[in-house]
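Colleague: Below: one structure in structure tokens.
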Amino acid sequence: MQGHIFKLLFFLGMMWHGAVTAQISAQLSMLVNSCVVCHGTNGSSVGPATPTIAGMRRFLFVTAMQDMKSGKRPSTVMGIIAQAYSNNEIELMADFFSTQKIVRYPQKFDAKKAQKGKVLYEQYCKGCHNINGRTQSLSNVIAGQWIPYLRIRLSEFRYQGASSPVMADILEYFIQNNSEDSLEELIHFYGSHQ
Amino acid sequence: MSHLTRRQFLSLAAIVGSFGYYVIKQETRKKVVIIGGGASGVIAAKYIRKSNSSIDVTLIEQNKHYYTCFMSNEVLSGMRTMQSIKYNYEHVSREYGINMLYNTAIAIDPIAKTVRLQNGDSIAYDRLIVSPGIDFKWKSLKPYDTNIIPHAWKAGTQTVILRQQLEAMKNGETAIITVPPKPFRCPTAPYERASQIAYYFKHHKPKSKVLILDANATFSKQALFFEAWQKLYGYGTDKSIIEWHNVGTVQAVNIEKKRVTMGDFEDEYTGAVLNIIPPQTAGKIAIESGLTDNSGWCPIHPKTFESRLHKEIHVIGDACMAHPMPKSAHSANSQAKICAEAVISALQEKEMAKPSYNNTCYSIAGKEFAMSVTTIYHVNNEKIQVYKNATGQSPLNASVEYRKSEVAYAYSWYNNITQDMFNSTP
Ligand SMILES: Cc1cc2nc3c(=O)[nH]c(=O)nc-3n(C[C@H](O)[C@H](O)[C@H](O)COP(=O)(O)OP(=O)(O)OC[C@H]3O[C@@H](n4cnc5c(N)ncnc54)[C@H](O)[C@@H]3O)c2cc1C
């Protein structure tokens with residue numbers, strides 16, 4: 001009898017314990033833990049450049065991984081890293097990162113530029129990348145993303161546009177009507193959202 | 001259950017929620033002890049606690065502060081301060097409930113399953129993880145004063161000494177770096193170091209030179225380094241700030257004359273600063289506990305990192321033989337996470353998740369010039385192997401923007417991996 005109660009106590013203890021620390025599967029942890037080194041805890045990067053991938057919409061996460069894997073989207077390291085993951089594993093990781101809360105860390109920005117950028121944002125970008133809409137369907141949340149990364153991405157769209165003809169066209173149109181400096185202002189505007 | 005009345009059951013359940021649970025937990029708690037809180041050890045401690053807080057984890061570390069070797073080359077060029085590579089264990093140990101023991105482990109008893117500390121204490125374990133990093137193979141070299149001829153291959157005071165020596169040099173004098181035979185800690189770091197010192201010379205001592213005397217005929221990212229040196233430091237011209245020569249190993253060191261004798265031909269080289277990177281082995285505690293083979297490194301089962309020589313002891317980080325993974329902080333981090341899962345699975349007698357190994361080494365060759373090598377591995381036939389197509393380097397002759405973007409990504413890697421280790425910033 002004593003032994004039984006003892007076991008029961010233990011079992012209940014473990015149940016209670018399990019409920020407190022809800023856990024994702026060991027296999028998923030194994031996959032996503034390797035991304036932390038560059039993308040930060042649960043996908044929120046402490047910067048200064050590597051993007052935060054927490055809170056990325058599921059579909060966009062999968063597209064980004066597949067496009068970098070195929071080479072359609074330019075990258076430095078991700079094109080290599082993505083080779084190692086099956087479609088199923090990419091889906092699993094998408095489930096995880098898309099449900100993580102975004103943690104934004106402060107970054108330096110030029111307040112004057114950000115101010116000027118606001119006007120341009122309303123005119124050219126708001127339709128598709130609303131800063132308030134954290135669940136934008138078209139692209140990753142760019143409000144508060146790391147400024148050097150935004151700069152790199154925009155330059156990729158302009159000079160290696162294959163991954164997004166839409167953004168390539170928009171930026172061409174934007175530059176025709178504005179200037180390189182005003183693009184910087186937009187970047188500071190987005191970067192200023194923390 | 002049938003033996004209990006409903007009332008008894010409820011009161012028992014109440015006890016579980018408070019005191020009884022802990023009493024039982026203490027008795028049945030498994031104990032993991034980890035020796036060495038570096039790039040691998042502290043990650044193993046954190047990730048065991050993170051996925052299973054019913055396991056008791058004790059981390060034995062001899063220093064209260066950890067200076068990262070990674071980015072320490074930037075201290076040599078003056079781009080970074082020592083403060084910016086200095087960390088402590090307070091946050092991570094508090095947040096994850098890791099027992100810290102600031103002491104030196106001096107012996108392991110694999111039969112009694114205990115670790116003896118310098119202060120005489122003995123610590124019992126169910127599973128032991130050994131992650132002491134490297135030590136130097138002085139046997140192959142007559143010992144000399146490393147305060148005069150620094151290695152700076154463990155960051156801290158050594159880094160400061162080398163930096164001070166470089167600052168004290170006169171314009172036109174030469175600094176020598178000797179590179180030991182492979183394998184050694186961080187295969188690209190000697191060449192990154194040469195680049196960082198060249199950067200400092202270019203701006204402060206333009207007539208000075210860095211001479212790399214290498215025991216190896218080829219090195220990692222060689223073509224990329226040559227490109228960087230050509231573009232930044234005039235490599236290949238007679239004005240070059242960097243020279244690289246494959247001349248064999250160090251035969252003798254003359255402290256007074258700051259002279260090294262190299263290779264079979266016993267060529268002599270003299271410099272104002274001598275940075276000898278000595279040949280290496282696994283950390284002392286691994287050798288003395290019989291965890292190493294003739295090579296001086298620890299053979300392991302690649303899926304679990306359990307030692308091939310002693311059961312229930314795992315070895316991770318630079319100390320283990322995880323070929324073809326390089327000895328790097330990124331590899332160490334990856335191995336620690338796999339080992340954490342292996343240890344938890346062994347203690348709970350469950351099937352382990354399929355391991356995923358990865359490594360990226362960034363090298364910063366100049367202020368706006370970095371390059372990377374990336375590989376993902378998997379285990380196959382008891383061997384770590386490169387995952388098909390998942391390996392590559394930065395392209396040759398990439399644009400200025402590309403090289404610059406990799407500097408920003410290298411800093412991001414550094415900030416995120418140290419955040420992963422210490423849950424705090426310097
Ligand atoms: C100049 C330089 C640049 C580098 N750059 C990079 C880079 O850019 N990227 C990269 O990925 N890697 C880099 N590395 C490599 C990286 O530093 C190592 O691979 C990494 O630190 C290995 O981790 P580890 O856990 O095995 O050992 P360590 O990080 O050295 O940790 C070992 C710990 O164990 C402790 N210890 C040892 N013995 C005992 C004992 N008996 N009792 C108690 N405590 C003990 C030590 O105090 C230490 O804290 C670089 C290395 C150098 C030298």
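By convention here, the chains of the structure tokens are called A, B, ... in the order presented, each chain's residues are numbered starting at 1, and ligands are numbered starting at 1 in the order presented.
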Do me a favour and pick out the residues of chain B within 6 Å of chain A, using only C-alpha atoms, as a PyMOL selection string.
Modeller: chain B and resi 16+21+353+390-391+408-409+412-413+416-417
Colleague: Emit the selected residues as an mmCIF file, in the first residue's frame, including N, CA, C and O atoms.
Modeller:
```cif
data_model
loop_
_atom_site.group_PDB
_atom_site.id
_atom_site.type_symbol
_atom_site.label_atom_id
_atom_site.label_comp_id
_atom_site.auth_asym_id
_atom_site.auth_seq_id
_atom_site.Cartn_x
_atom_site.Cartn_y
_atom_site.Cartn_z
ATOM 1 N N VAL B 16 0.471 16.494 -2.663
ATOM 2 C CA VAL B 16 1.277 16.512 -3.886
ATOM 3 C C VAL B 16 1.536 17.948 -4.327
ATOM 4 O O VAL B 16 2.641 18.315 -4.675
ATOM 5 N N TYR B 21 5.371 16.575 -2.976
ATOM 6 C CA TYR B 21 5.883 16.560 -4.326
ATOM 7 C C TYR B 21 7.389 16.850 -4.326
ATOM 8 O O TYR B 21 8.171 16.163 -4.961
ATOM 9 N N ALA B 353 15.596 12.254 -30.069
ATOM 10 C CA ALA B 353 15.230 12.897 -31.335
ATOM 11 C C ALA B 353 16.406 12.820 -32.301
ATOM 12 O O ALA B 353 17.556 12.752 -31.885
ATOM 13 N N ALA B 390 24.331 20.744 -48.403
ATOM 14 C CA ALA B 390 24.191 21.774 -47.373
ATOM 15 C C ALA B 390 25.551 22.229 -46.854
ATOM 16 O O ALA B 390 25.833 22.184 -45.662
ATOM 17 N N THR B 391 26.403 22.650 -47.763
ATOM 18 C CA THR B 391 27.685 23.207 -47.358
ATOM 19 C C THR B 391 28.122 24.235 -48.386
ATOM 20 O O THR B 391 27.832 24.074 -49.583
ATOM 21 N N ALA B 408 27.757 42.666 -40.761
ATOM 22 C CA ALA B 408 26.575 42.890 -39.917
ATOM 23 C C ALA B 408 25.976 41.557 -39.463
ATOM 24 O O ALA B 408 25.524 41.416 -38.321
ATOM 25 N N TYR B 409 25.986 40.558 -40.342
ATOM 26 C CA TYR B 409 25.472 39.246 -39.962
ATOM 27 C C TYR B 409 26.411 38.549 -38.970
ATOM 28 O O TYR B 409 25.963 37.811 -38.095
ATOM 29 N N SER B 412 25.668 39.939 -35.681
ATOM 30 C CA SER B 412 24.384 39.406 -35.218
ATOM 31 C C SER B 412 24.560 37.989 -34.678
ATOM 32 O O SER B 412 23.988 37.626 -33.650
ATOM 33 N N TRP B 413 25.348 37.205 -35.393
ATOM 34 C CA TRP B 413 25.657 35.848 -34.923
ATOM 35 C C TRP B 413 26.256 35.933 -33.523
ATOM 36 O O TRP B 413 25.839 35.227 -32.608
ATOM 37 N N ASN B 416 23.711 37.047 -30.846
ATOM 38 C CA ASN B 416 22.672 36.045 -30.555
ATOM 39 C C ASN B 416 23.242 34.797 -29.891
ATOM 40 O O ASN B 416 22.613 34.223 -29.009
ATOM 41 N N ILE B 417 24.446 34.384 -30.266
ATOM 42 C CA ILE B 417 24.999 33.170 -29.661
ATOM 43 C C ILE B 417 25.414 33.462 -28.204
ATOM 44 O O ILE B 417 25.249 32.613 -27.325
#
```
Colleague: Around ligand 1, at most 6 Å away and counting only C-alpha atoms and all ligand atoms, which residues are there? Put them as a PyMOL selection string, please.
Modeller: chain B and resi 35-41+60-63+66+69-73+103-106+131-133+153-154+185-186+189+283+285+317-319+327-330+332+361-362
Colleague: Put those residues in a file: N, CA and C atoms, as a compact mmCIF listing (two decimals), in the first residue's frame.
Modeller:
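Wrote selection.txt, looks like this:
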```txt
# COMPACT_ATOMS: atom_id res chain seq x y z
N ILE B 35 31.38 19.83 -16.49
CA ILE B 35 32.68 20.46 -16.18
C ILE B 35 33.05 21.42 -17.30
N GLY B 36 33.02 22.73 -16.99
CA GLY B 36 33.41 23.74 -17.96
C GLY B 36 32.22 24.49 -18.52
N GLY B 37 32.12 25.78 -18.24
CA GLY B 37 30.98 26.59 -18.68
C GLY B 37 31.32 27.49 -19.85
N GLY B 38 31.84 26.90 -20.93
CA GLY B 38 32.16 27.69 -22.12
C GLY B 38 31.07 27.58 -23.17
N ALA B 39 31.48 27.74 -24.42
CA ALA B 39 30.52 27.74 -25.54
C ALA B 39 29.66 26.48 -25.56
N SER B 40 30.20 25.34 -25.12
CA SER B 40 29.40 24.13 -25.11
C SER B 40 28.75 23.87 -23.75
N GLY B 41 29.52 23.97 -22.65
CA GLY B 41 29.04 23.57 -21.34
C GLY B 41 27.82 24.34 -20.84
N ILE B 60 30.22 23.17 -13.14
CA ILE B 60 31.49 23.48 -12.47
C ILE B 60 32.32 24.34 -13.41
N GLU B 61 32.62 25.55 -12.99
CA GLU B 61 33.40 26.46 -13.85
C GLU B 61 34.44 27.16 -12.99
N GLN B 62 35.68 27.18 -13.49
CA GLN B 62 36.76 27.71 -12.66
C GLN B 62 36.80 29.24 -12.60
N ASN B 63 36.17 29.91 -13.59
CA ASN B 63 36.20 31.37 -13.60
C ASN B 63 34.81 31.97 -13.41
N TYR B 66 33.57 34.91 -18.15
CA TYR B 66 33.96 34.22 -19.38
C TYR B 66 34.22 35.28 -20.44
N CYS B 69 36.50 33.85 -26.89
CA CYS B 69 37.57 33.89 -27.90
C CYS B 69 37.01 34.50 -29.17
N PHE B 70 35.75 34.12 -29.49
CA PHE B 70 35.13 34.66 -30.70
C PHE B 70 35.00 36.17 -30.53
N MET B 71 35.40 36.88 -31.54
CA MET B 71 35.48 38.36 -31.58
C MET B 71 36.68 38.90 -30.81
N SER B 72 37.47 38.05 -30.16
CA SER B 72 38.63 38.59 -29.44
C SER B 72 39.69 39.12 -30.40
N ASN B 73 39.68 38.64 -31.65
CA ASN B 73 40.63 39.19 -32.63
C ASN B 73 40.35 40.67 -32.89
N ASN B 103 34.66 26.48 -9.24
CA ASN B 103 35.76 25.70 -8.72
C ASN B 103 36.41 24.95 -9.87
N THR B 104 37.57 24.35 -9.61
CA THR B 104 38.23 23.57 -10.66
C THR B 104 38.03 22.09 -10.40
N ALA B 105 37.58 21.37 -11.41
CA ALA B 105 37.46 19.91 -11.28
C ALA B 105 38.86 19.33 -11.48
N ILE B 106 39.28 18.47 -10.55
CA ILE B 106 40.64 17.93 -10.70
C ILE B 106 40.67 16.43 -10.95
N SER B 131 33.30 19.40 -20.73
CA SER B 131 33.41 20.42 -21.78
C SER B 131 34.46 21.46 -21.40
N PRO B 132 35.72 21.03 -21.24
CA PRO B 132 36.76 21.92 -20.72
C PRO B 132 37.51 22.70 -21.79
N GLY B 133 37.12 22.55 -23.06
CA GLY B 133 37.87 23.25 -24.11
C GLY B 133 39.24 22.62 -24.33
N TRP B 153 45.16 32.34 -27.19
CA TRP B 153 44.23 31.34 -27.76
C TRP B 153 43.18 30.93 -26.73
N LYS B 154 43.33 31.49 -25.51
CA LYS B 154 42.24 31.49 -24.54
C LYS B 154 42.09 32.97 -24.22
N ARG B 185 41.82 24.65 -32.24
CA ARG B 185 40.64 25.48 -31.99
C ARG B 185 40.49 26.53 -33.09
N CYS B 186 39.34 26.53 -33.72
CA CYS B 186 38.95 27.50 -34.74
C CYS B 186 39.93 27.64 -35.91
N ALA B 189 40.66 31.13 -37.35
CA ALA B 189 40.99 32.25 -36.46
C ALA B 189 42.41 32.81 -36.62
N GLY B 283 41.19 19.64 -23.07
CA GLY B 283 41.49 20.18 -21.75
C GLY B 283 42.06 19.12 -20.81
N ILE B 285 41.67 18.10 -17.77
CA ILE B 285 40.84 17.17 -17.00
C ILE B 285 40.41 15.97 -17.85
N GLY B 317 32.20 20.01 -27.43
CA GLY B 317 33.02 21.19 -27.67
C GLY B 317 34.38 20.82 -28.25
N ASP B 318 35.33 21.73 -28.11
CA ASP B 318 36.65 21.55 -28.71
C ASP B 318 37.31 20.24 -28.27
N ALA B 319 37.03 19.78 -27.06
CA ALA B 319 37.72 18.60 -26.51
C ALA B 319 37.38 17.31 -27.26
N LYS B 327 36.41 22.81 -34.80
CA LYS B 327 36.35 23.19 -33.38
C LYS B 327 36.00 24.68 -33.32
N SER B 328 34.70 24.96 -33.19
CA SER B 328 34.25 26.35 -33.17
C SER B 328 33.18 26.51 -32.11
N ALA B 329 32.88 27.76 -31.79
CA ALA B 329 31.83 28.03 -30.81
C ALA B 329 30.47 27.60 -31.34
N HIS B 330 30.28 27.77 -32.66
CA HIS B 330 29.00 27.38 -33.25
C HIS B 330 28.84 25.85 -33.20
N ALA B 332 30.29 23.91 -31.07
CA ALA B 332 30.16 23.59 -29.65
C ALA B 332 28.71 23.78 -29.19
N CYS B 361 31.09 29.59 -39.61
CA CYS B 361 32.20 30.38 -39.10
C CYS B 361 32.31 31.66 -39.92
N TYR B 362 32.14 32.78 -39.25
CA TYR B 362 32.36 34.07 -39.89
C TYR B 362 33.80 34.49 -39.62
```
Colleague: Give me the residues near region 219-226 of chain B as a count of residues only, where near means some atom within 8 Å (using only C-alpha atoms) and where sequence neighbours in that chain fewer than 3 positions away do not count.
Modeller: 13
Colleague: I want to know what sits within 8 Å of region 175-179 of chain B, based on only C-alpha atoms, with residues of the same chain fewer than 5 positions away left out; could you give that as a ChimeraX atom specification?
Modeller: /B:166,190,194,208-216,249-250,270-278
Colleague: If we count only C-alpha atoms and set the cut-off at 9 Å, which residues sit around Ser84 (chain B), ignoring sequence neighbours fewer than 6 positions away in its own chain? Please answer as a ChimeraX atom specification.
Modeller: /B:67,425-426
Colleague: Can you work out the spacing between CA of Ala54 (chain A) and CA of Val92 (chain B) in Å, to one decimal?
Modeller: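 Computing the Euclidean distance for CA of Ala54 (chain A) and CA of Val92 (chain B) yields 21.6 Å.
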Colleague: List every residue of region 113-272 of chain B that DSSP, applied to the backbone of this structure, assigns to strand (DSSP E), and report them as an MDAnalysis selection string.
Modeller: chainID B and resid 114:117 122:124 127:130 134:136 174:179 209:214 242:246 250:254 259:262 267:270
Colleague: Just checking: using only C-alpha atoms, which residue out of A:Ala114, A:Glu172, A:Gln123, A:Gln160 ends up closest to Leu186 (chain A)?
Modeller: A:Ala114
Colleague: For CA of Thr304 (chain B) and CA of Ile316 (chain B), quote the distance in Å rounded to one decimal.
Modeller: 9.7 Å
Colleague: For a test of reading the model, state the distance in Å between CA of Lys239 (chain B) and CA of Pro206 (chain B), rounded to one decimal.
Modeller: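 One can read the CA of Lys239 (chain B) to CA of Pro206 (chain B) distance as 9.6 Å.
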Colleague: Using backbone DSSP assignments, extract all helix (DSSP H, G or I) residues from chain A; output them as a ChimeraX atom specification.
Modeller: /A:2-20,26-39,41-43,58-70,78-84,87-98,111-124,147-159,161-163,165-177,180-191
Colleague: So which residues touch Gly117 (chain A) within 6 Å, counting only C-alpha atoms, skipping near sequence neighbours fewer than 2 positions away, as JSON, numbers by chain?
Modeller: {"A": [113, 114, 115, 119, 120, 121, 185, 186, 189]}
Colleague: Given the choices B:Leu76, B:Ile129, B:Met82, B:Ala342, which gets closest to Arg193 (chain B) if the distance is worked out from only C-alpha atoms?
Modeller: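 Of all the options, B:Leu76 lies closest to Arg193 (chain B).
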Colleague: Extract, using only C-alpha atoms, all DNA, RNA and protein residues at most 7 Å from region 44-47 of chain B, discarding same-chain residues fewer than 5 positions from it, and format them as a ChimeraX atom specification.
Modeller: /B:57,59,96,98,336-337,339-340
Colleague: Give me a file of those residues, with C-alpha atoms, as a PDB file, in the first residue's frame.
Modeller:
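Saved file result-v3.pdb follows:
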```pdb
ATOM      1  CA  VAL B  57      22.099  20.382 -13.190  1.00  0.00           C
ATOM      2  CA  LEU B  59      27.880  23.491 -13.677  1.00  0.00           C
ATOM      3  CA  TYR B  96      17.213  28.237 -15.585  1.00  0.00           C
ATOM      4  CA  ILE B  98      21.471  25.833 -12.748  1.00  0.00           C
ATOM      5  CA  ALA B 336      25.708  20.844 -26.605  1.00  0.00           C
ATOM      6  CA  LYS B 337      22.067  20.914 -27.701  1.00  0.00           C
ATOM      7  CA  CYS B 339      24.102  16.155 -26.042  1.00  0.00           C
ATOM      8  CA  ALA B 340      21.428  17.726 -23.818  1.00  0.00           C
TER       9      ALA B 340
END
```
